[in-house]
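my_file-v1.txt, holding compact mmCIF, C-alpha atoms (C1' of nucleotides):
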# COMPACT_ATOMS: atom_id res chain seq x y z
CA MET R 1 0.00 0.00 0.00
CA CYS R 2 1.22 3.41 -0.85
CA ILE R 3 0.87 6.29 1.56
CA VAL R 4 0.66 9.60 -0.19
CA SER R 5 1.41 12.66 1.82
CA PRO R 6 -1.03 15.43 1.05
CA VAL R 7 0.62 16.93 -1.99
CA LYS R 8 -1.21 19.18 -4.35
CA THR R 9 0.42 19.39 -7.72
CA THR R 10 -2.27 20.32 -10.23
CA LYS R 11 -0.16 23.20 -11.33
CA VAL R 12 -0.98 24.23 -14.82
CA LYS R 13 -4.43 24.89 -16.16
CA ILE R 14 -4.38 23.90 -19.79
CA PRO R 15 -7.45 24.94 -21.75
CA PRO R 16 -9.19 21.95 -23.30
CA SER R 17 -8.99 21.98 -27.07
CA ILE R 18 -11.04 19.75 -29.32
CA ALA R 19 -8.25 19.82 -31.86
CA GLU R 20 -5.69 18.67 -29.34
CA GLN R 21 -7.95 15.99 -27.97
CA ALA R 22 -8.56 14.64 -31.42
CA LEU R 23 -4.86 14.82 -32.23
CA VAL R 24 -3.83 12.95 -29.10
CA ARG R 25 -6.49 10.35 -29.62
CA LEU R 26 -5.38 9.91 -33.19
CA MET R 27 -1.81 9.37 -32.14
CA ARG R 28 -2.81 6.92 -29.48
CA VAL R 29 -5.02 4.90 -31.79
CA GLY R 30 -2.28 4.88 -34.40
CA ASP R 31 0.25 3.71 -31.87
CA ARG R 32 -1.97 0.90 -30.73
CA LEU R 33 -2.69 -0.20 -34.28
CA TRP R 34 0.98 -0.32 -35.18
CA ARG R 35 1.69 -2.46 -32.15
CA ASN R 36 -1.10 -4.90 -32.88
CA SER R 37 -0.16 -5.05 -36.49
CA ASP R 38 3.48 -5.71 -35.75
CA GLU R 39 2.49 -8.40 -33.34
CA ARG R 40 0.42 -10.10 -36.00
CA PHE R 41 3.09 -10.09 -38.65
CA ALA R 42 5.72 -11.33 -36.24
CA ARG R 43 4.15 -14.75 -36.73
CA TRP R 44 5.44 -14.69 -40.27
CA GLY R 45 8.80 -13.36 -39.19
CA LEU R 46 8.02 -10.07 -40.87
CA THR R 47 7.39 -6.47 -39.92
CA ASP R 48 4.26 -4.75 -41.10
CA ASN R 49 6.63 -2.70 -43.18
CA HIS R 50 7.80 -5.81 -44.97
CA TYR R 51 4.24 -6.76 -45.67
CA ASN R 52 3.60 -3.27 -46.88
CA VAL R 53 6.33 -3.61 -49.47
CA LEU R 54 4.73 -6.78 -50.78
CA ARG R 55 1.37 -5.09 -50.99
CA ILE R 56 2.80 -2.11 -52.81
CA LEU R 57 4.53 -4.32 -55.35
CA ASN R 58 1.39 -6.34 -55.86
CA GLY R 59 -0.69 -3.22 -56.24
CA ALA R 60 1.70 -1.63 -58.70
CA GLY R 61 1.56 -4.67 -60.95
CA GLU R 62 5.09 -4.06 -62.15
CA PRO R 63 8.59 -3.97 -60.70
CA LEU R 64 9.42 -0.78 -58.85
CA ALA R 65 12.66 0.99 -58.05
CA GLN R 66 13.53 0.97 -54.38
CA VAL R 67 13.31 4.69 -54.16
CA GLU R 68 9.78 4.54 -55.47
CA ILE R 69 8.83 1.98 -52.87
CA GLY R 70 10.24 4.22 -50.18
CA ARG R 71 8.25 7.12 -51.56
CA ARG R 72 5.02 5.19 -51.40
CA MET R 73 5.55 3.97 -47.88
CA LEU R 74 7.00 7.00 -46.14
CA SER R 75 10.18 5.22 -45.35
CA SER R 76 13.73 6.33 -45.68
CA ARG R 77 15.77 4.98 -48.55
CA ALA R 78 18.19 3.31 -46.20
CA ASN R 79 15.43 1.37 -44.65
CA VAL R 80 14.06 0.13 -47.94
CA THR R 81 17.39 -1.49 -48.65
CA LYS R 82 17.16 -3.48 -45.46
CA LEU R 83 13.54 -4.39 -46.02
CA ILE R 84 14.26 -5.69 -49.49
CA ASP R 85 17.31 -7.54 -48.22
CA LEU R 86 15.18 -9.64 -45.94
CA LEU R 87 12.39 -10.18 -48.43
CA GLU R 88 14.85 -11.24 -51.08
CA GLU R 89 16.53 -13.61 -48.66
CA ARG R 90 13.13 -15.18 -48.12
CA GLY R 91 12.58 -15.45 -51.83
CA MET R 92 9.49 -13.27 -51.84
CA VAL R 93 11.07 -10.63 -53.98
CA LYS R 94 13.92 -10.29 -56.38
CA ARG R 95 16.07 -7.45 -57.62
CA LEU R 96 16.27 -6.97 -61.36
CA ALA R 97 18.81 -5.00 -63.29
CA CYS R 98 17.44 -2.33 -65.56
CA GLY R 99 18.59 0.22 -68.09
CA ASP R 100 19.68 2.66 -65.42
CA ARG R 101 22.43 0.87 -63.58
CA ARG R 102 21.89 2.90 -60.44
CA VAL R 103 18.49 1.46 -59.80
CA ASN R 104 17.30 -1.92 -58.71
CA LEU R 105 13.89 -2.86 -59.91
CA VAL R 106 12.21 -4.95 -57.29
CA ALA R 107 9.76 -7.59 -58.45
CA LEU R 108 7.37 -9.79 -56.56
CA THR R 109 8.22 -13.47 -57.03
CA GLU R 110 5.78 -16.33 -57.36
CA GLU R 111 6.52 -17.18 -53.77
CA GLY R 112 5.81 -13.65 -52.61
CA ALA R 113 2.57 -13.63 -54.54
CA SER R 114 1.39 -16.88 -53.09
CA PHE R 115 2.27 -15.66 -49.63
CA LEU R 116 0.02 -12.68 -50.24
CA ALA R 117 -2.72 -14.91 -51.54
CA GLU R 118 -2.55 -17.19 -48.54
CA THR R 119 -2.53 -14.46 -45.95
CA ALA R 120 -4.91 -11.98 -47.55
CA ALA R 121 -8.01 -13.37 -45.90
CA GLU R 122 -6.44 -13.30 -42.50
CA VAL R 123 -5.09 -9.80 -42.89
CA ILE R 124 -8.42 -8.46 -44.00
CA GLY R 125 -10.10 -10.36 -41.21
CA PHE R 126 -7.84 -8.63 -38.77
CA ALA R 127 -8.78 -5.27 -40.19
CA GLU R 128 -12.49 -6.07 -40.04
CA GLU R 129 -12.17 -7.22 -36.47
CA THR R 130 -10.25 -4.14 -35.44
CA MET R 131 -12.77 -1.82 -37.03
CA LYS R 132 -15.77 -3.75 -35.84
CA PRO R 133 -16.77 -1.24 -33.16
CA LEU R 134 -17.72 1.04 -36.03
CA GLY R 135 -20.52 0.38 -38.47
CA ARG R 136 -19.90 0.39 -42.19
CA GLN R 137 -21.12 3.94 -42.58
CA GLU R 138 -19.01 5.16 -39.68
CA GLN R 139 -15.98 3.53 -41.22
CA LYS R 140 -16.62 5.44 -44.40
CA THR R 141 -16.98 8.68 -42.49
CA LEU R 142 -13.75 8.02 -40.65
CA LEU R 143 -11.95 7.26 -43.87
CA ALA R 144 -13.24 10.45 -45.45
CA LEU R 145 -12.18 12.57 -42.48
CA LEU R 146 -8.71 11.05 -42.48
CA ASN R 147 -8.33 11.67 -46.18
CA LYS R 148 -9.37 15.25 -45.70
CA LEU R 149 -6.89 15.60 -42.88
CA LEU R 150 -4.10 14.27 -45.05
CA GLY R 151 -5.02 16.88 -47.60
CA GLU R 152 -5.50 14.65 -50.57
CA MET C 1 15.88 6.36 -68.06
CA CYS C 2 14.73 2.99 -67.03
CA ILE C 3 13.82 0.36 -69.58
CA VAL C 4 11.27 -2.01 -68.27
CA SER C 5 10.89 -5.27 -70.06
CA PRO C 6 7.24 -6.22 -70.50
CA VAL C 7 6.61 -7.93 -67.18
CA LYS C 8 3.17 -8.48 -65.83
CA THR C 9 3.12 -9.16 -62.12
CA THR C 10 -0.31 -8.22 -60.85
CA LYS C 11 -0.63 -11.55 -59.28
CA VAL C 12 -2.98 -11.48 -56.38
CA LYS C 13 -6.45 -10.02 -56.46
CA ILE C 14 -7.18 -8.67 -53.03
CA PRO C 15 -10.78 -7.62 -52.46
CA PRO C 16 -11.04 -3.98 -51.44
CA SER C 17 -12.26 -3.59 -47.89
CA ILE C 18 -13.48 -0.35 -46.36
CA ALA C 19 -12.30 -1.57 -42.98
CA GLU C 20 -8.82 -2.22 -44.22
CA GLN C 21 -8.65 1.05 -46.07
CA ALA C 22 -9.65 2.91 -42.96
CA LEU C 23 -7.20 0.93 -40.87
CA VAL C 24 -4.30 1.62 -43.18
CA ARG C 25 -5.18 5.29 -43.41
CA LEU C 26 -5.38 5.46 -39.66
CA MET C 27 -1.95 3.95 -39.28
CA ARG C 28 -0.51 6.22 -41.87
CA VAL C 29 -1.95 9.35 -40.32
CA GLY C 30 -0.80 8.24 -36.89
CA ASP C 31 2.69 7.65 -38.17
CA ARG C 32 2.85 11.06 -39.74
CA LEU C 33 1.60 12.76 -36.61
CA TRP C 34 4.18 11.04 -34.43
CA ARG C 35 6.92 12.18 -36.75
CA ASN C 36 5.77 15.76 -36.80
CA SER C 37 5.28 15.77 -33.10
CA ASP C 38 8.72 14.37 -32.39
CA GLU C 39 10.21 16.96 -34.65
CA ARG C 40 8.50 19.71 -32.71
CA PHE C 41 9.60 18.57 -29.30
CA ALA C 42 13.16 18.02 -30.42
CA ARG C 43 13.53 21.80 -30.06
CA TRP C 44 13.20 21.33 -26.32
CA GLY C 45 15.52 18.35 -26.31
CA LEU C 46 12.60 16.13 -25.46
CA THR C 47 10.63 13.35 -27.06
CA ASP C 48 6.90 13.62 -27.33
CA ASN C 49 6.86 10.81 -24.83
CA HIS C 50 8.72 12.96 -22.33
CA TYR C 51 6.19 15.67 -22.81
CA ASN C 52 3.46 13.11 -22.45
CA VAL C 53 4.78 12.18 -19.02
CA LEU C 54 4.63 15.78 -17.93
CA ARG C 55 1.07 16.13 -19.18
CA ILE C 56 0.01 12.96 -17.43
CA LEU C 57 1.49 14.10 -14.14
CA ASN C 58 -0.10 17.48 -14.53
CA GLY C 59 -3.42 15.96 -15.37
CA ALA C 60 -3.33 13.52 -12.48
CA GLY C 61 -2.76 16.34 -10.01
CA GLU C 62 -0.80 14.05 -7.75
CA PRO C 63 2.43 12.05 -7.82
CA LEU C 64 2.17 8.78 -9.68
CA ALA C 65 4.09 5.52 -9.49
CA GLN C 66 6.22 4.84 -12.52
CA VAL C 67 4.30 1.73 -13.34
CA GLU C 68 1.12 3.77 -13.41
CA ILE C 69 2.67 6.26 -15.80
CA GLY C 70 3.69 3.42 -18.04
CA ARG C 71 0.19 2.04 -17.92
CA ARG C 72 -1.34 5.33 -18.98
CA MET C 73 0.98 5.83 -21.89
CA LEU C 74 1.22 2.21 -23.06
CA SER C 75 4.92 2.09 -22.40
CA SER C 76 7.12 -0.50 -20.76
CA ARG C 77 8.41 -0.01 -17.22
CA ALA C 78 11.99 -0.02 -18.43
CA ASN C 79 11.26 2.80 -20.78
CA VAL C 80 9.52 4.83 -18.11
CA THR C 81 12.65 4.53 -16.03
CA LYS C 82 14.64 6.12 -18.81
CA LEU C 83 12.08 8.81 -19.49
CA ILE C 84 11.97 9.79 -15.84
CA ASP C 85 15.76 9.70 -15.63
CA LEU C 86 16.03 12.44 -18.21
CA LEU C 87 13.17 14.51 -16.86
CA GLU C 88 14.62 14.31 -13.36
CA GLU C 89 18.04 15.28 -14.66
CA ARG C 90 16.39 18.35 -16.16
CA GLY C 91 14.71 19.12 -12.87
CA MET C 92 11.21 18.88 -14.30
CA VAL C 93 10.26 15.97 -12.16
CA LYS C 94 11.39 14.34 -8.96
CA ARG C 95 11.16 10.89 -7.43
CA LEU C 96 9.62 10.62 -3.98
CA ALA C 97 9.82 7.74 -1.57
CA CYS C 98 6.52 6.39 -0.36
CA GLY C 99 5.06 3.79 1.97
CA ASP C 100 5.67 0.95 -0.44
CA ARG C 101 9.41 0.85 -0.76
CA ARG C 102 9.26 -0.76 -4.18
CA VAL C 103 7.64 2.21 -5.81
CA ASN C 104 8.89 5.65 -6.75
CA LEU C 105 6.28 8.29 -6.75
CA VAL C 106 7.04 10.76 -9.48
CA ALA C 107 6.02 14.36 -8.93
CA LEU C 108 5.99 17.35 -11.22
CA THR C 109 8.35 20.07 -9.94
CA GLU C 110 7.80 23.78 -10.12
CA GLU C 111 10.18 23.87 -13.01
CA GLY C 112 8.30 21.17 -14.84
CA ALA C 113 5.04 22.97 -14.27
CA SER C 114 6.33 26.26 -15.56
CA PHE C 115 7.72 24.51 -18.61
CA LEU C 116 4.23 23.21 -19.29
CA ALA C 117 2.77 26.65 -18.77
CA GLU C 118 5.22 28.27 -21.14
CA THR C 119 4.80 25.76 -23.91
CA ALA C 120 1.09 25.03 -23.65
CA ALA C 121 0.05 27.71 -26.09
CA GLU C 122 2.49 26.57 -28.69
CA VAL C 123 1.58 22.91 -28.31
CA ILE C 124 -2.08 23.65 -28.67
CA GLY C 125 -1.34 25.90 -31.59
CA PHE C 126 0.42 23.03 -33.27
CA ALA C 127 -2.59 20.80 -32.72
CA GLU C 128 -4.96 23.42 -34.11
CA GLU C 129 -2.82 23.88 -37.14
CA THR C 130 -2.55 20.17 -37.78
CA MET C 131 -6.29 19.68 -37.49
CA LYS C 132 -7.15 22.75 -39.47
CA PRO C 133 -8.24 20.89 -42.60
CA LEU C 134 -11.21 19.77 -40.56
CA GLY C 135 -13.92 22.05 -39.24
CA ARG C 136 -14.83 22.12 -35.59
CA GLN C 137 -17.76 19.80 -36.08
CA GLU C 138 -15.72 17.36 -38.11
CA GLN C 139 -13.09 17.30 -35.40
CA LYS C 140 -15.75 16.37 -32.90
CA THR C 141 -17.03 13.61 -35.15
CA LEU C 142 -13.54 12.28 -35.61
CA LEU C 143 -12.93 12.33 -31.88
CA ALA C 144 -16.17 10.48 -31.24
CA LEU C 145 -15.37 7.83 -33.82
CA LEU C 146 -11.93 7.27 -32.38
CA ASN C 147 -13.29 6.94 -28.90
CA LYS C 148 -15.81 4.44 -30.09
CA LEU C 149 -13.07 2.53 -31.84
CA LEU C 150 -11.01 2.42 -28.68
CA GLY C 151 -14.00 1.00 -26.94
CA GLU C 152 -14.30 3.47 -24.11
C1' DA N 1 33.93 16.34 -74.30
C1' DA N 2 34.60 17.62 -69.40
C1' DG N 3 33.38 18.95 -65.17
C1' DA N 4 29.63 20.00 -62.02
C1' DT N 5 25.39 18.45 -60.19
C1' DA N 6 21.87 15.19 -59.16
C1' DT N 7 20.07 10.60 -58.17
C1' DA N 8 19.96 5.46 -56.44
C1' DA N 9 21.47 2.24 -53.41
C1' DT N 10 24.27 0.88 -49.73
C1' DT N 11 27.00 1.19 -45.42
C1' DT N 12 27.77 2.86 -40.89
C1' DC N 13 26.44 4.77 -36.79
C1' DC N 14 22.91 6.31 -33.59
C1' DC N 15 18.49 6.44 -30.95
C1' DG N 16 14.21 5.24 -28.85
C1' DG N 17 11.92 1.41 -27.23
C1' DT N 18 11.15 -3.56 -25.85
C1' DT N 19 12.50 -7.84 -23.73
C1' DG N 20 14.40 -10.56 -20.24
C1' DA N 21 17.04 -11.11 -16.11
C1' DC N 22 17.64 -9.39 -11.52
C1' DA N 23 17.17 -7.44 -6.73
C1' DA N 24 14.20 -5.52 -3.40
C1' DT N 25 9.93 -5.66 -1.45
C1' DT N 26 5.16 -6.83 -0.68
C1' DT N 27 1.13 -9.88 -0.80
C1' DA N 28 -1.14 -14.38 -0.82
C1' DC N 29 -1.64 -18.85 0.89
C1' DC N 30 -1.20 -22.81 3.76
C1' DG E 1 4.46 -17.33 10.84
C1' DG E 2 6.78 -18.76 6.85
C1' DT E 3 7.33 -19.89 2.26
C1' DA E 4 5.71 -19.14 -2.55
C1' DA E 5 4.00 -15.91 -5.89
C1' DA E 6 3.46 -11.33 -7.48
C1' DT E 7 4.92 -6.43 -8.05
C1' DT E 8 8.19 -2.50 -8.82
C1' DG E 9 12.10 -0.41 -10.55
C1' DT E 10 16.62 -1.01 -12.85
C1' DC E 11 20.10 -2.77 -15.92
C1' DA E 12 22.12 -5.05 -20.05
C1' DA E 13 21.40 -6.75 -24.58
C1' DC E 14 18.96 -6.44 -28.65
C1' DC E 15 16.04 -4.67 -32.61
C1' DG E 16 13.69 -1.84 -35.99
C1' DG E 17 14.09 2.24 -38.11
C1' DG E 18 16.32 7.03 -39.31
C1' DA E 19 20.29 10.34 -40.70
C1' DA E 20 24.51 11.19 -42.75
C1' DA E 21 28.35 9.84 -45.39
C1' DT E 22 29.93 6.89 -49.46
C1' DT E 23 29.97 4.89 -54.03
C1' DA E 24 28.37 4.31 -58.53
C1' DT E 25 25.96 6.06 -62.21
C1' DA E 26 23.38 9.41 -64.93
C1' DT E 27 22.23 14.12 -66.40
C1' DC E 28 23.04 18.93 -67.06
C1' DT E 29 25.98 22.94 -68.39
C1' DT E 30 29.32 25.02 -71.05
Could you express the structure from this file as structure tokens?
Amino acid sequence: MCIVSPVKTTKVKIPPSIAEQALVRLMRVGDRLWRNSDERFARWGLTDNHYNVLRILNGAGEPLAQVEIGRRMLSSRANVTKLIDLLEERGMVKRLACGDRRVNLVALTEEGASFLAETAAEVIGFAEETMKPLGRQEQKTLLALLNKLLGE
Amino acid sequence: MCIVSPVKTTKVKIPPSIAEQALVRLMRVGDRLWRNSDERFARWGLTDNHYNVLRILNGAGEPLAQVEIGRRMLSSRANVTKLIDLLEERGMVKRLACGDRRVNLVALTEEGASFLAETAAEVIGFAEETMKPLGRQEQKTLLALLNKLLGE
DNA sequence: AAGATATAATTTCCCGGTTGACAATTTACC
DNA sequence: GGTAAATTGTCAACCGGGAAATTATATCTT
């Protein structure tokens, strides 16, 4: 048991701001989602960032330069190198030479594609479960607000 | 210029899911906010997590055990130790003994409080600016949706 | 054609945070 | 009351990711 001497320390009165509340909540939710997500993908020995790379390649439908991958996923160039290193080691991706000898084109392999195919249902299921507290319409509203916030 | 041989690699058809879209957007927005926030607080030689500790202590209005701080900010005990170490070194916080000799009660100092007072306006200003793309009512909606999502 | 500038990837180093082990203490249980 | 289990804070080791410097190549300027 912890005996607290009578200390009063509510020092600073900070005016409540809807904007700040929303911002803090947004950061907290984001933080939690990243943790959960990471936890999930750890089962496959991957980071959610690794998975993201696979999804980006699959979505693009063609090999992409590393720098382009980094651009699409808000990651530093240095980090993309390491991400690709692991994915290539696992055979999910391969680097192709191309006309410009500075760039590596990164392509999804058969193995990477089938990994995506096998895990897609589960990944989507996870998303559905996470968002379940919100109805379909609320999810749409949320998505719209976030898009507006991102300014796109 | 990069010559791409005619490769078709759109392998896996993944059904579009509102839930997943919203989830991904949420994570992306959260990530961006954490980055911006960290960048801001770097001016004070702090992490946003350090600032968070100060806000939590101020909000609680009484000294808190480290484990309790960790609980409120979803951070590990070990990390709280390090956060408090720095804040104490800066004189913004101090550790108090209490009845239970396992726990350190952490209290906001005068210096910590005045730091909060001095920076509050700017921090709130940052939040307002970040959330500006949304109107007041939209901010409220967003906040409500996030709360519902957190299940509180 | 030659030198300056820009771009892509990689390497190295650093930082914040987590995990796991540990010591001190408290609580639960028999 | 006394031993086992649980709790708190700390430390050391590790890990994912970011920033800056490095190398190789391409483009621009003249």
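Straight-line separation from CA of Ser114 in chain R to CA of Arg40 in chain R: 18.4 Å.
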In-order C-alpha superposition of chain C on chain R by least squares yields an RMSD of 0.4 Å
I need the contact residues of chain E against chain R, so if you could list those with any atom within 10 Å, counting all atoms listed in the file, and return them as a count of residues only, that would help. 7
Distance limit 6 Å, atoms considered: all atoms listed in the file. Which chain C residues sit that close to chain R? Return them as a PyMOL selection string. chain C and resi 1-3+9-10+12+19-20+22+27+30+58+61-62+98-100+113+117+127-128+131+133+143+149
Export of prior selection with C-alpha atoms as a PDB file, keeping the file's coordinate frame:
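Output below, filename selection-v7.pdb:
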ATOM      1  CA  MET C   1      15.880   6.360 -68.060  1.00  0.00           C
ATOM      2  CA  CYS C   2      14.730   2.990 -67.030  1.00  0.00           C
ATOM      3  CA  ILE C   3      13.820   0.360 -69.580  1.00  0.00           C
ATOM      4  CA  THR C   9       3.120  -9.160 -62.120  1.00  0.00           C
ATOM      5  CA  THR C  10      -0.310  -8.220 -60.850  1.00  0.00           C
ATOM      6  CA  VAL C  12      -2.980 -11.480 -56.380  1.00  0.00           C
ATOM      7  CA  ALA C  19     -12.300  -1.570 -42.980  1.00  0.00           C
ATOM      8  CA  GLU C  20      -8.820  -2.220 -44.220  1.00  0.00           C
ATOM      9  CA  ALA C  22      -9.650   2.910 -42.960  1.00  0.00           C
ATOM     10  CA  MET C  27      -1.950   3.950 -39.280  1.00  0.00           C
ATOM     11  CA  GLY C  30      -0.800   8.240 -36.890  1.00  0.00           C
ATOM     12  CA  ASN C  58      -0.100  17.480 -14.530  1.00  0.00           C
ATOM     13  CA  GLY C  61      -2.760  16.340 -10.010  1.00  0.00           C
ATOM     14  CA  GLU C  62      -0.800  14.050  -7.750  1.00  0.00           C
ATOM     15  CA  CYS C  98       6.520   6.390  -0.360  1.00  0.00           C
ATOM     16  CA  GLY C  99       5.060   3.790   1.970  1.00  0.00           C
ATOM     17  CA  ASP C 100       5.670   0.950  -0.440  1.00  0.00           C
ATOM     18  CA  ALA C 113       5.040  22.970 -14.270  1.00  0.00           C
ATOM     19  CA  ALA C 117       2.770  26.650 -18.770  1.00  0.00           C
ATOM     20  CA  ALA C 127      -2.590  20.800 -32.720  1.00  0.00           C
ATOM     21  CA  GLU C 128      -4.960  23.420 -34.110  1.00  0.00           C
ATOM     22  CA  MET C 131      -6.290  19.680 -37.490  1.00  0.00           C
ATOM     23  CA  PRO C 133      -8.240  20.890 -42.600  1.00  0.00           C
ATOM     24  CA  LEU C 143     -12.930  12.330 -31.880  1.00  0.00           C
ATOM     25  CA  LEU C 149     -13.070   2.530 -31.840  1.00  0.00           C
TER      26      LEU C 149
END
Using all atoms listed in the file, pick whichever of N:DC15, N:DT5, N:DT10, N:DT26 has the shortest atom-to-atom distance to chain C. N:DT26
Residues of chain N within 10 Å of chain C, counting only C-alpha atoms (C1' of nucleotides) - could you list those as an MDAnalysis selection string? chainID N and resid 16:19 24:26
Write the residues of the preceding selection, restricted to C-alpha atoms (C1' of nucleotides), as a PDB file, in the coordinates of the input.
ATOM      1  C1'  DG N  16      14.210   5.240 -28.850  1.00  0.00           C
ATOM      2  C1'  DG N  17      11.920   1.410 -27.230  1.00  0.00           C
ATOM      3  C1'  DT N  18      11.150  -3.560 -25.850  1.00  0.00           C
ATOM      4  C1'  DT N  19      12.500  -7.840 -23.730  1.00  0.00           C
ATOM      5  C1'  DA N  24      14.200  -5.520  -3.400  1.00  0.00           C
ATOM      6  C1'  DT N  25       9.930  -5.660  -1.450  1.00  0.00           C
ATOM      7  C1'  DT N  26       5.160  -6.830  -0.680  1.00  0.00           C
TER       8       DT N  26
END
Can you work out which one of R:Glu68, R:Glu122, R:Glu39, R:Asp48 has the shortest atom-to-atom distance to Leu83 in chain R, counting only C-alpha atoms? R:Asp48
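Here CA of Asn36 in chain R stands at a distance of 21.6 Å from CA of Asp38 in chain C.
Between CA of Gly70 in chain C and CA of Leu46 in chain R the separation is 26.9 Å.
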I need range 2-17 of chain E written out with N, CA and C atoms (P, O5', C5', C4', C3', O3' and C1' of nucleotides), as a short mmCIF file (atom, residue, chain, number, x, y, z; two decimals), in the first residue's frame; please produce it.
data_model
loop_
_atom_site.label_atom_id
_atom_site.label_comp_id
_atom_site.auth_asym_id
_atom_site.auth_seq_id
_atom_site.Cartn_x
_atom_site.Cartn_y
_atom_site.Cartn_z
P DG E 2 8.54 -17.89 11.50
"O5'" DG E 2 8.44 -18.63 10.08
"C5'" DG E 2 7.61 -19.80 9.96
"C4'" DG E 2 7.57 -20.22 8.51
"C3'" DG E 2 8.76 -19.70 7.69
"O3'" DG E 2 9.05 -20.64 6.67
"C1'" DG E 2 6.78 -18.76 6.85
P DT E 3 10.49 -20.78 5.99
"O5'" DT E 3 10.13 -21.14 4.47
"C5'" DT E 3 9.23 -22.20 4.20
"C4'" DT E 3 8.32 -21.83 3.05
"C3'" DT E 3 9.04 -21.42 1.76
"O3'" DT E 3 8.52 -22.19 0.69
"C1'" DT E 3 7.33 -19.89 2.26
P DA E 4 9.19 -22.21 -0.76
"O5'" DA E 4 8.03 -21.66 -1.70
"C5'" DA E 4 6.76 -22.33 -1.68
"C4'" DA E 4 5.73 -21.49 -2.44
"C3'" DA E 4 6.18 -21.07 -3.84
"O3'" DA E 4 5.08 -21.15 -4.73
"C1'" DA E 4 5.71 -19.14 -2.55
P DA E 5 5.24 -20.88 -6.29
"O5'" DA E 5 4.52 -19.46 -6.48
"C5'" DA E 5 3.17 -19.31 -6.09
"C4'" DA E 5 2.74 -17.86 -6.24
"C3'" DA E 5 3.06 -17.24 -7.60
"O3'" DA E 5 1.93 -16.51 -8.04
"C1'" DA E 5 4.00 -15.91 -5.89
P DA E 6 1.90 -15.82 -9.48
"O5'" DA E 6 1.88 -14.26 -9.11
"C5'" DA E 6 1.05 -13.82 -8.07
"C4'" DA E 6 1.38 -12.37 -7.73
"C3'" DA E 6 1.63 -11.49 -8.96
"O3'" DA E 6 0.95 -10.27 -8.75
"C1'" DA E 6 3.46 -11.33 -7.48
P DT E 7 0.83 -9.21 -9.93
"O5'" DT E 7 1.80 -8.05 -9.39
"C5'" DT E 7 1.54 -7.48 -8.12
"C4'" DT E 7 2.61 -6.46 -7.81
"C3'" DT E 7 2.96 -5.51 -8.95
"O3'" DT E 7 2.92 -4.19 -8.45
"C1'" DT E 7 4.92 -6.43 -8.05
P DT E 8 2.88 -2.94 -9.42
"O5'" DT E 8 4.35 -2.36 -9.25
"C5'" DT E 8 4.78 -1.87 -7.99
"C4'" DT E 8 6.25 -1.52 -8.03
"C3'" DT E 8 6.68 -0.71 -9.25
"O3'" DT E 8 7.13 0.56 -8.82
"C1'" DT E 8 8.19 -2.50 -8.82
P DG E 9 7.40 1.71 -9.90
"O5'" DG E 9 8.96 1.59 -10.13
"C5'" DG E 9 9.82 1.86 -9.03
"C4'" DG E 9 11.22 1.33 -9.30
"C3'" DG E 9 11.93 1.96 -10.50
"O3'" DG E 9 13.14 2.55 -10.05
"C1'" DG E 9 12.10 -0.41 -10.55
P DT E 10 14.05 3.38 -11.07
"O5'" DT E 10 15.12 2.29 -11.57
"C5'" DT E 10 15.98 1.70 -10.61
"C4'" DT E 10 16.83 0.63 -11.26
"C3'" DT E 10 17.63 1.11 -12.48
"O3'" DT E 10 19.00 0.99 -12.16
"C1'" DT E 10 16.62 -1.01 -12.85
P DC E 11 20.10 1.67 -13.11
"O5'" DC E 11 20.74 0.44 -13.89
"C5'" DC E 11 21.12 -0.75 -13.18
"C4'" DC E 11 21.33 -1.90 -14.16
"C3'" DC E 11 22.07 -1.51 -15.44
"O3'" DC E 11 23.23 -2.31 -15.57
"C1'" DC E 11 20.10 -2.77 -15.92
P DA E 12 24.31 -1.96 -16.66
"O5'" DA E 12 24.14 -3.15 -17.70
"C5'" DA E 12 24.07 -4.50 -17.24
"C4'" DA E 12 23.73 -5.43 -18.39
"C3'" DA E 12 24.46 -5.14 -19.69
"O3'" DA E 12 24.87 -6.38 -20.27
"C1'" DA E 12 22.12 -5.05 -20.05
P DA E 13 25.69 -6.41 -21.64
"O5'" DA E 13 24.59 -6.89 -22.70
"C5'" DA E 13 23.87 -8.10 -22.46
"C4'" DA E 13 22.83 -8.28 -23.55
"C3'" DA E 13 23.36 -8.02 -24.97
"O3'" DA E 13 23.02 -9.12 -25.79
"C1'" DA E 13 21.40 -6.75 -24.58
P DC E 14 23.31 -9.09 -27.36
"O5'" DC E 14 21.91 -8.62 -27.96
"C5'" DC E 14 20.72 -9.31 -27.57
"C4'" DC E 14 19.53 -8.66 -28.23
"C3'" DC E 14 19.71 -8.42 -29.74
"O3'" DC E 14 18.59 -8.96 -30.42
"C1'" DC E 14 18.96 -6.44 -28.65
P DC E 15 18.65 -9.11 -32.03
"O5'" DC E 15 17.43 -8.19 -32.50
"C5'" DC E 15 16.31 -7.95 -31.63
"C4'" DC E 15 15.43 -6.91 -32.28
"C3'" DC E 15 15.73 -6.72 -33.76
"O3'" DC E 15 14.52 -6.51 -34.46
"C1'" DC E 15 16.04 -4.67 -32.61
P DG E 16 14.47 -6.67 -36.07
"O5'" DG E 16 13.67 -5.35 -36.46
"C5'" DG E 16 12.44 -5.06 -35.80
"C4'" DG E 16 12.12 -3.59 -35.94
"C3'" DG E 16 12.22 -3.08 -37.38
"O3'" DG E 16 11.10 -2.24 -37.65
"C1'" DG E 16 13.69 -1.84 -35.99
P DG E 17 10.82 -1.75 -39.11
"O5'" DG E 17 11.49 -0.31 -39.10
"C5'" DG E 17 10.88 0.73 -38.35
"C4'" DG E 17 11.83 1.88 -38.21
"C3'" DG E 17 12.20 2.55 -39.54
"O3'" DG E 17 11.65 3.86 -39.54
"C1'" DG E 17 14.09 2.24 -38.11
#
